[in-house]
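File shown: structure-v2.txt (compact mmCIF, C-alpha atoms).
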```
# COMPACT_ATOMS: atom_id res chain seq x y z
CA MET I 276 -4.30 -94.87 -10.74
CA VAL I 277 -3.66 -92.89 -13.91
CA ASN I 278 -5.53 -94.23 -16.89
CA ALA I 279 -3.51 -95.13 -19.95
CA THR I 280 -3.98 -92.99 -23.03
CA SER I 281 -5.32 -94.47 -26.25
CA THR I 282 -1.80 -94.27 -27.74
CA ASP I 283 -0.32 -96.13 -24.79
CA ARG I 284 -3.10 -98.73 -24.97
CA GLU I 285 -2.38 -99.37 -28.65
CA LEU I 286 1.38 -99.62 -28.07
CA VAL I 287 0.85 -102.11 -25.26
CA ARG I 288 -1.53 -104.18 -27.35
CA ILE I 289 0.98 -104.40 -30.21
CA ALA I 290 3.85 -105.13 -27.81
CA LEU I 291 1.93 -107.96 -26.12
CA MET I 292 1.15 -109.56 -29.46
CA TYR I 293 4.80 -109.39 -30.52
CA TYR I 294 6.67 -110.22 -27.31
CA GLU I 295 4.20 -112.46 -25.47
CA GLU I 296 2.06 -114.06 -28.19
CA GLY I 297 4.98 -114.43 -30.57
CA LEU I 298 3.17 -113.02 -33.59
CA THR I 299 5.26 -111.69 -36.46
CA GLN I 300 4.99 -108.05 -37.49
CA ALA I 301 3.14 -109.17 -40.62
CA GLY I 302 0.77 -111.25 -38.50
CA ILE I 303 0.08 -108.33 -36.21
CA ALA I 304 -0.53 -106.03 -39.19
CA LYS I 305 -3.11 -108.42 -40.60
CA ARG I 306 -4.85 -108.94 -37.25
CA VAL I 307 -5.05 -105.27 -36.30
CA GLY I 308 -5.69 -103.96 -39.81
CA ILE I 309 -2.70 -101.64 -40.15
CA SER I 310 0.47 -101.66 -42.26
CA ARG I 311 3.56 -103.66 -41.29
CA SER I 312 5.60 -100.44 -41.22
CA LEU I 313 3.21 -98.97 -38.66
CA VAL I 314 3.56 -102.10 -36.52
CA SER I 315 7.33 -101.65 -36.63
CA LYS I 316 6.98 -98.00 -35.64
CA TYR I 317 4.70 -98.91 -32.72
CA LEU I 318 7.25 -101.45 -31.44
CA HIS I 319 10.04 -98.87 -31.60
CA ASP I 320 7.80 -96.31 -29.90
CA ALA I 321 7.01 -98.84 -27.16
CA GLU I 322 10.72 -99.31 -26.51
CA ASP I 323 11.38 -95.56 -26.53
CA ALA I 324 8.50 -94.99 -24.10
CA GLY I 325 9.85 -97.65 -21.72
CA ILE I 326 6.78 -99.82 -22.21
CA VAL I 327 8.99 -102.65 -23.46
CA ARG I 328 12.17 -103.69 -21.76
CA HIS I 329 12.62 -107.43 -21.34
CA VAL I 330 8.94 -107.66 -20.46
CA VAL I 331 5.97 -105.49 -21.30
CA ASN I 332 5.93 -102.79 -18.61
CA SER I 333 2.83 -100.61 -18.46
CA GLU I 334 -0.15 -99.87 -16.24
CA SER I 335 -2.41 -100.84 -19.15
CA ALA I 336 -0.81 -104.30 -19.59
CA TYR I 337 -3.45 -105.79 -17.25
CA SER I 338 -6.40 -104.62 -19.33
CA SER I 339 -4.58 -105.27 -22.61
CA ARG I 340 -3.96 -108.89 -21.61
CA LEU I 341 -7.65 -109.30 -20.80
CA ALA I 342 -8.50 -107.84 -24.21
CA LEU I 343 -6.18 -110.27 -26.00
CA GLN I 344 -7.65 -113.19 -24.05
CA LEU I 345 -11.13 -112.15 -25.15
CA GLU I 346 -10.02 -111.99 -28.78
CA GLN I 347 -8.47 -115.44 -28.54
CA GLU I 348 -11.31 -117.13 -26.64
CA PHE I 349 -14.20 -115.63 -28.59
CA GLY I 350 -12.60 -115.00 -31.97
CA ALA I 351 -13.33 -111.30 -31.67
CA LYS I 352 -11.59 -108.99 -34.13
CA LYS I 353 -11.01 -106.27 -31.53
CA ALA I 354 -11.55 -106.14 -27.78
CA ILE I 355 -11.00 -103.07 -25.60
CA VAL I 356 -10.95 -103.45 -21.82
CA VAL I 357 -11.02 -100.57 -19.37
CA ASP I 358 -9.25 -100.90 -16.03
CA THR I 359 -11.77 -99.50 -13.55
CA SER I 360 -9.79 -100.11 -10.35
CA GLY I 361 -9.88 -96.98 -8.24
CA ILE I 362 -12.48 -95.37 -10.50
CA ASP I 363 -15.64 -93.95 -8.96
CA GLU I 364 -18.66 -95.91 -10.24
CA ARG I 365 -20.19 -92.66 -11.49
CA TYR I 366 -17.46 -92.32 -14.12
CA VAL I 367 -17.26 -95.91 -15.39
CA ALA I 368 -19.77 -95.43 -18.21
CA ASP I 369 -18.05 -92.29 -19.54
CA LEU I 370 -14.62 -93.90 -19.25
CA THR I 371 -15.75 -96.99 -21.17
CA GLN I 372 -17.45 -94.92 -23.87
CA GLN I 373 -14.30 -92.84 -24.33
CA ALA I 374 -12.15 -95.96 -24.63
CA ALA I 375 -14.61 -97.38 -27.19
CA VAL I 376 -14.47 -94.17 -29.25
CA GLU I 377 -10.67 -94.21 -29.23
CA GLY I 378 -10.54 -97.91 -30.02
CA PHE I 379 -13.06 -97.82 -32.87
CA MET I 380 -12.00 -94.45 -34.29
CA ARG I 381 -9.72 -95.76 -37.06
CA ASP I 382 -12.38 -98.18 -38.28
CA ILE I 383 -15.07 -95.50 -38.36
CA LEU I 384 -12.86 -93.02 -40.19
CA GLN I 385 -12.05 -95.67 -42.81
CA ALA I 386 -15.64 -96.90 -43.28
CA LYS I 387 -17.68 -95.95 -46.32
CA VAL I 388 -21.02 -96.98 -44.79
CA ILE I 389 -21.61 -96.74 -41.03
CA ALA I 390 -24.80 -98.24 -39.62
CA LEU I 391 -26.31 -97.52 -36.19
CA THR I 392 -28.96 -99.09 -34.09
CA TRP I 393 -30.66 -97.18 -31.27
CA GLY I 394 -30.56 -96.79 -27.48
CA THR I 395 -28.90 -95.05 -24.57
CA THR I 396 -25.53 -96.79 -25.02
CA ILE I 397 -25.31 -95.65 -28.65
CA ARG I 398 -26.32 -92.16 -27.51
CA GLY I 399 -23.39 -92.12 -25.10
CA PHE I 400 -20.97 -93.25 -27.81
CA VAL I 401 -22.12 -90.58 -30.27
CA ASP I 402 -21.92 -87.91 -27.58
CA ALA I 403 -18.35 -88.97 -26.74
CA PHE I 404 -17.29 -89.01 -30.40
CA PRO I 405 -15.20 -85.95 -31.35
CA TYR I 406 -15.59 -83.84 -34.47
CA GLU I 407 -13.55 -85.62 -37.15
CA ARG I 408 -13.79 -85.92 -40.91
CA ASN I 409 -14.98 -88.79 -43.07
CA ALA I 410 -16.88 -86.85 -45.70
CA GLU I 411 -17.03 -89.81 -48.08
CA ALA I 412 -19.00 -91.90 -45.59
CA THR I 413 -22.76 -92.42 -45.39
CA VAL I 414 -24.36 -93.00 -42.00
CA VAL I 415 -27.61 -94.99 -41.93
CA PRO I 416 -29.97 -96.52 -39.35
CA LEU I 417 -30.46 -100.25 -38.89
CA ILE I 418 -34.00 -99.74 -37.65
CA GLY I 419 -36.93 -97.34 -37.75
CA GLY I 420 -37.12 -94.72 -35.07
CA MET I 421 -39.93 -92.19 -35.36
CA GLY I 422 -41.67 -91.56 -32.08
CA SER I 423 -42.91 -88.83 -29.78
CA THR I 424 -40.74 -89.70 -26.76
CA ALA I 425 -37.01 -90.05 -26.11
CA PHE I 426 -36.20 -89.02 -29.68
CA GLU I 427 -32.57 -88.51 -28.67
CA VAL I 428 -32.03 -92.30 -28.52
CA HIS I 429 -33.85 -93.07 -31.78
CA ALA I 430 -31.74 -94.33 -34.65
CA ASN I 431 -32.52 -91.45 -37.01
CA GLN I 432 -31.39 -88.85 -34.47
CA LEU I 433 -28.21 -90.78 -33.67
CA VAL I 434 -27.45 -91.15 -37.38
CA HIS I 435 -27.90 -87.41 -37.89
CA ASP I 436 -25.66 -86.50 -34.95
CA LEU I 437 -22.81 -88.85 -35.89
CA ALA I 438 -22.96 -87.73 -39.53
CA GLN I 439 -22.66 -84.12 -38.37
CA LYS I 440 -19.53 -84.96 -36.38
CA LEU I 441 -18.00 -86.80 -39.34
CA GLN I 442 -19.08 -84.21 -41.94
CA ALA I 443 -20.66 -87.22 -43.66
CA SER I 444 -23.94 -87.73 -45.47
CA CYS I 445 -26.81 -89.63 -43.90
CA GLN I 446 -30.10 -91.31 -44.69
CA PHE I 447 -33.16 -91.85 -42.50
CA VAL I 448 -35.90 -94.45 -42.14
CA TYR I 449 -39.22 -92.65 -41.77
CA ALA I 450 -41.04 -95.41 -39.94
CA PRO I 451 -41.49 -96.56 -36.34
CA ALA I 452 -39.21 -99.27 -34.98
CA LEU I 453 -42.09 -101.41 -33.73
CA VAL I 454 -45.51 -101.59 -35.36
CA ALA I 455 -48.85 -103.07 -34.39
CA ASP I 456 -48.84 -106.15 -36.61
CA VAL I 457 -47.00 -108.02 -39.35
CA GLU I 458 -49.15 -106.59 -42.14
CA MET I 459 -48.14 -103.06 -41.25
CA LYS I 460 -44.50 -104.14 -41.13
CA ARG I 461 -44.74 -105.68 -44.61
CA SER I 462 -46.42 -102.57 -45.96
CA LEU I 463 -43.73 -100.26 -44.58
CA GLU I 464 -40.79 -102.43 -45.66
CA SER I 465 -42.20 -102.67 -49.18
CA ASN I 466 -41.95 -98.88 -49.44
CA GLY I 467 -39.15 -98.05 -51.87
CA ALA I 468 -37.60 -95.28 -49.75
CA ILE I 469 -37.45 -97.43 -46.62
CA ARG I 470 -36.21 -100.49 -48.50
CA SER I 471 -33.41 -98.53 -50.16
CA VAL I 472 -32.04 -97.30 -46.81
CA PHE I 473 -31.98 -100.83 -45.40
CA ASP I 474 -30.27 -102.03 -48.58
CA VAL I 475 -27.51 -99.48 -47.90
CA ALA I 476 -27.32 -100.61 -44.26
CA ARG I 477 -26.67 -104.18 -45.40
CA THR I 478 -23.51 -102.97 -47.16
CA ALA I 479 -22.09 -101.29 -44.03
CA ASP I 480 -18.38 -101.60 -43.25
CA PHE I 481 -18.99 -100.80 -39.59
CA ALA I 482 -22.10 -101.26 -37.45
CA LEU I 483 -22.55 -99.93 -33.93
CA LEU I 484 -24.93 -102.17 -32.01
CA GLY I 485 -26.65 -101.88 -28.67
CA ILE I 486 -27.04 -105.21 -26.89
CA SER I 487 -29.44 -105.59 -24.00
CA SER I 488 -31.62 -108.13 -22.20
CA PRO I 489 -35.12 -108.32 -20.69
CA LYS I 490 -33.31 -109.21 -17.45
CA VAL I 491 -31.80 -105.74 -17.22
CA LYS I 492 -33.31 -103.52 -14.56
CA ASN I 493 -35.19 -100.60 -16.09
CA TYR I 494 -35.11 -102.34 -19.50
CA THR I 495 -35.17 -99.55 -22.09
CA LEU I 496 -37.78 -101.21 -24.32
CA LYS I 497 -40.16 -101.40 -21.38
CA ARG I 498 -39.26 -97.97 -20.00
CA LEU I 499 -39.96 -96.23 -23.32
CA GLY I 500 -43.20 -98.12 -23.88
CA TYR I 501 -42.06 -100.23 -26.86
CA ILE I 502 -43.21 -103.39 -25.08
CA SER I 503 -45.81 -104.09 -22.43
CA GLU I 504 -45.64 -106.15 -19.25
CA GLU I 505 -47.35 -108.92 -21.20
CA ASP I 506 -44.70 -108.72 -23.93
CA LEU I 507 -41.98 -108.86 -21.27
CA ARG I 508 -43.55 -111.95 -19.75
CA LYS I 509 -43.63 -113.63 -23.17
CA LEU I 510 -39.96 -112.84 -23.73
CA GLU I 511 -38.95 -114.34 -20.42
CA GLU I 512 -41.11 -117.45 -20.89
CA ALA I 513 -39.68 -117.97 -24.38
CA GLY I 514 -36.14 -117.99 -22.99
CA VAL I 515 -34.94 -114.80 -24.66
CA MET I 516 -31.36 -114.09 -23.62
CA GLY I 517 -30.96 -110.69 -25.22
CA ASP I 518 -31.72 -108.40 -28.12
CA VAL I 519 -29.84 -106.44 -30.72
CA ASN I 520 -31.62 -103.93 -32.94
CA LEU I 521 -34.89 -105.13 -31.32
CA SER I 522 -34.19 -108.61 -32.71
CA PHE I 523 -34.26 -111.19 -29.94
CA PHE I 524 -31.93 -114.18 -29.59
CA ASP I 525 -31.81 -117.38 -27.53
CA ARG I 526 -28.94 -118.76 -25.44
CA ASP I 527 -27.21 -119.99 -28.60
CA GLY I 528 -27.51 -116.62 -30.34
CA ARG I 529 -30.19 -117.86 -32.73
CA PRO I 530 -32.85 -115.36 -33.81
CA MET I 531 -36.23 -115.84 -32.15
CA ASP I 532 -38.35 -114.62 -35.03
CA ASP I 533 -41.61 -115.68 -33.41
CA VAL I 534 -41.21 -113.33 -30.43
CA LEU I 535 -42.14 -109.76 -31.43
CA ASP I 536 -39.67 -109.74 -34.33
CA SER I 537 -42.47 -110.03 -36.86
CA ARG I 538 -43.47 -106.48 -35.84
CA ILE I 539 -40.03 -104.86 -36.09
CA VAL I 540 -39.15 -102.53 -38.97
CA GLY I 541 -35.43 -103.05 -39.23
CA LEU I 542 -32.65 -105.50 -40.00
CA GLY I 543 -32.62 -108.79 -38.13
CA ILE I 544 -29.65 -110.69 -36.73
CA ASP I 545 -29.11 -112.67 -39.93
CA ASP I 546 -29.01 -109.38 -41.88
CA ILE I 547 -26.51 -107.82 -39.49
CA LYS I 548 -24.05 -110.72 -39.19
CA PRO I 549 -22.59 -110.33 -42.73
CA ILE I 550 -21.42 -106.80 -41.83
CA GLU I 551 -17.65 -107.07 -41.38
CA LYS I 552 -17.26 -105.04 -38.18
CA ARG I 553 -20.06 -105.28 -35.61
CA ALA I 554 -19.25 -103.27 -32.50
CA THR I 555 -20.83 -102.90 -29.09
CA VAL I 556 -20.03 -101.24 -25.77
CA CYS I 557 -20.89 -102.73 -22.38
CA PHE I 558 -20.44 -101.31 -18.89
CA VAL I 559 -23.66 -102.62 -17.27
CA PRO I 560 -22.98 -105.88 -15.38
CA SER I 561 -26.54 -107.18 -15.85
CA LYS I 562 -25.93 -107.27 -19.63
CA THR I 563 -22.96 -109.64 -19.27
CA GLU I 564 -24.91 -112.81 -20.03
CA ALA I 565 -26.42 -111.32 -23.18
CA LEU I 566 -23.00 -110.05 -24.26
CA TYR I 567 -21.52 -113.51 -23.70
CA VAL I 568 -24.07 -115.06 -26.06
CA ALA I 569 -23.61 -112.27 -28.62
CA LEU I 570 -19.83 -112.76 -28.61
CA SER I 571 -19.97 -116.56 -28.61
CA SER I 572 -22.38 -116.66 -31.53
CA GLY I 573 -20.68 -113.94 -33.58
CA ILE I 574 -23.44 -111.36 -33.38
CA THR I 575 -20.75 -108.89 -32.34
CA ASN I 576 -17.01 -109.05 -33.03
CA TYR I 577 -15.78 -105.61 -31.85
CA VAL I 578 -16.28 -104.99 -28.13
CA ALA I 579 -15.41 -102.45 -25.47
CA MET I 580 -16.11 -103.23 -21.81
CA THR I 581 -14.99 -102.90 -18.23
CA ASP I 582 -12.41 -105.23 -16.71
CA SER I 583 -14.97 -106.79 -14.35
CA ILE I 584 -17.23 -107.74 -17.27
CA ALA I 585 -14.20 -109.07 -19.19
CA ARG I 586 -13.19 -111.30 -16.28
CA GLU I 587 -16.74 -112.63 -15.94
CA LEU I 588 -16.93 -113.40 -19.67
CA LEU I 589 -13.67 -115.35 -19.48
CA ARG I 590 -14.89 -117.21 -16.39
CA MET I 591 -18.10 -118.16 -18.21
CA ARG I 592 -16.06 -119.29 -21.21
CA GLU I 593 -13.79 -121.45 -19.06
CA LYS I 594 -16.83 -123.06 -17.43
CA ASP I 595 -18.41 -123.77 -20.83
CA VAL I 596 -15.35 -125.46 -22.33
CA SER I 597 -14.38 -127.45 -19.23
```

Would you write out, as structure tokens, the structure that this file holds?
Amino acid sequence: MVNATSTDRELVRIALMYYEEGLTQAGIAKRVGISRSLVSKYLHDAEDAGIVRHVVNSESAYSSRLALQLEQEFGAKKAIVVDTSGIDERYVADLTQQAAVEGFMRDILQAKVIALTWGTTIRGFVDAFPYERNAEATVVPLIGGMGSTAFEVHANQLVHDLAQKLQASCQFVYAPALVADVEMKRSLESNGAIRSVFDVARTADFALLGISSPKVKNYTLKRLGYISEEDLRKLEEAGVMGDVNLSFFDRDGRPMDDVLDSRIVGLGIDDIKPIEKRATVCFVPSKTEALYVALSSGITNYVAMTDSIARELLRMREKDVS
């Protein structure tokens, strides 16, 4: 099938809210974060494009309906779902990253402070992001990142690369993400330069988060040597469901500060949650359970994912509330 463009996806989303959910134009404007006049224009454009007749008529209606269900069930501010039917598995990650970039673009271009965590998913998002302009913005890391291996997925490098694409300024944290003990962590975080960057990160308008789980095959933390087999065993025994910014959480989304977190130089879950827009991208099925907890507990409220992951999240939700 032909994949819907970002413009088509947005028109369908607005049309579904208006014609199927019964929201007013003012209500849609508030929910989406655009002006009422732009909502009106989108509805007219949807009619002109043949997307709206007496019913919403578009190939992207299927994924848009899933996205709206996710927003309703989890209280998410924005959900983006990619229809992967007929798509070769090799291209699913790139397709989802591109949809996430298109879906989050307006928010990033309007943000004054953009904060990033680390990892391969964030690397893919930054690589997919086009050269745009938000010269008034500052891009900062949510965690330390100095290291001798895989520097391309470290927060400082990702911050630099996104800032370059936005023609924005950036700040770095010159410290490792994970240190040997709590005393070293306290010493580093008491440093004025490091503390000031994290203070800026706390004021972010938009945060891009990588969510993972020790249950994921080839777990990045283990693969890059951040944690040992013994650490991994402790995480599993403690009932860790996932991690965000190297901060681990349980099945209720509560921080597990006694499991490695005391050694992490970066913002924890309770520091990240006050950020207004907290986005993540997921196309790896084995991360679904961690994503479910992160969505249910409000760790993330902007999401982009495949349709299969969306359906599984909704199935899990239905099972929980029944």

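CA of Arg526 in chain I lies 21.1 Å from CA of Lys497 in chain I.
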
Problem set entry | Point-to-point distance in Å for CA of Ala374 in chain I and CA of Leu298 in chain I | 24.6 Å

For this session: Identify the residues around (-13.3, -107.7, -44.8) within a radius of 10 Å, measuring from all atoms listed in the file in the coordinates stated by the file, and give them as JSON, numbers by chain.
Result: {"I": [308, 480, 549, 550, 551, 552]}

Extending 8 Å beyond the listed atoms of range 335-348 of chain I on each side, what axis-aligned box results? I want centre and edge lengths in Å to one decimal, as AutoDock Vina command-line options.
```
--center_x -6.1 --center_y -109.0 --center_z -23.0 --size_x 26.5 --size_y 32.3 --size_z 27.5
```

Problem set entry | Contacts of range 338-352 of chain I at 6 Å (all atoms listed in the file; same-chain gap of 4+ positions) as a PyMOL selection string | chain I and resi 288+356+358+571+576-577

For this session: Would you list the contacts of Val434 in chain I as a PyMOL selection string, taking every protein, DNA or RNA residue within 12 Å and counting all atoms listed in the file, but skipping same-chain residues closer than 6 positions in sequence?
Result: chain I and resi 388-394+397-398+400-402+412-420+426-428+440-448+476+482-483

Grab the residues selected above and save them as a short mmCIF file (atom, residue, chain, number, x, y, z; two decimals), in the coordinates of the input with C-alpha atoms.
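Result went into again_2.cif, see below:
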```cif
data_model
loop_
_atom_site.label_atom_id
_atom_site.label_comp_id
_atom_site.auth_asym_id
_atom_site.auth_seq_id
_atom_site.Cartn_x
_atom_site.Cartn_y
_atom_site.Cartn_z
CA VAL I 388 -21.02 -96.98 -44.79
CA ILE I 389 -21.61 -96.74 -41.03
CA ALA I 390 -24.80 -98.24 -39.62
CA LEU I 391 -26.31 -97.52 -36.19
CA THR I 392 -28.96 -99.09 -34.09
CA TRP I 393 -30.66 -97.18 -31.27
CA GLY I 394 -30.56 -96.79 -27.48
CA ILE I 397 -25.31 -95.65 -28.65
CA ARG I 398 -26.32 -92.16 -27.51
CA PHE I 400 -20.97 -93.25 -27.81
CA VAL I 401 -22.12 -90.58 -30.27
CA ASP I 402 -21.92 -87.91 -27.58
CA ALA I 412 -19.00 -91.90 -45.59
CA THR I 413 -22.76 -92.42 -45.39
CA VAL I 414 -24.36 -93.00 -42.00
CA VAL I 415 -27.61 -94.99 -41.93
CA PRO I 416 -29.97 -96.52 -39.35
CA LEU I 417 -30.46 -100.25 -38.89
CA ILE I 418 -34.00 -99.74 -37.65
CA GLY I 419 -36.93 -97.34 -37.75
CA GLY I 420 -37.12 -94.72 -35.07
CA PHE I 426 -36.20 -89.02 -29.68
CA GLU I 427 -32.57 -88.51 -28.67
CA VAL I 428 -32.03 -92.30 -28.52
CA LYS I 440 -19.53 -84.96 -36.38
CA LEU I 441 -18.00 -86.80 -39.34
CA GLN I 442 -19.08 -84.21 -41.94
CA ALA I 443 -20.66 -87.22 -43.66
CA SER I 444 -23.94 -87.73 -45.47
CA CYS I 445 -26.81 -89.63 -43.90
CA GLN I 446 -30.10 -91.31 -44.69
CA PHE I 447 -33.16 -91.85 -42.50
CA VAL I 448 -35.90 -94.45 -42.14
CA ALA I 476 -27.32 -100.61 -44.26
CA ALA I 482 -22.10 -101.26 -37.45
CA LEU I 483 -22.55 -99.93 -33.93
#
```

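From CA of Ala450 in chain I back to CA of Gly467 in chain I, the distance works out to 12.4 Å.
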
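Closest approach to Leu370 in chain I from the set I:Ser597, I:Thr581, I:Asn493, I:Gln385 is made by I:Thr581, with distances taken over all atoms listed in the file.
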
Exercise. Which polymer residues have any atom within 10 Å of an atom of range 302-304 of chain I, counting only C-alpha atoms, with same-chain residues fewer than 3 positions away left out, as a list in words?
Worked result: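 Neighbouring residues, sequence-local ones excluded: Arg288, Ile289, Ala290, Met292, Tyr293, Gly297, Leu298, Thr299, Val307, Gly308, Ile309, Ser310, Arg311, Ser312, Leu313, Val314 and Ser315 of chain I.
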
Exercise. Which one is closest to Thr575 in chain I: I:Ile362, I:Ala375, I:Ala354, I:Ile539? Count all atoms listed in the file.
Worked result: I:Ala354

Exercise. Using all atoms listed in the file, which of I:Thr282, I:Ser488, I:Asn409, I:Asn520 sits nearest Ala321 in chain I?
Worked result: I:Thr282

Exercise. Between I:Ile547, I:Val596, I:Cys557, I:Val491, which one has atoms that come closest to Asp369 in chain I, using all atoms listed in the file?
Worked result: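 Ranked by minimum distance to Asp369 in chain I, first place goes to I:Cys557.
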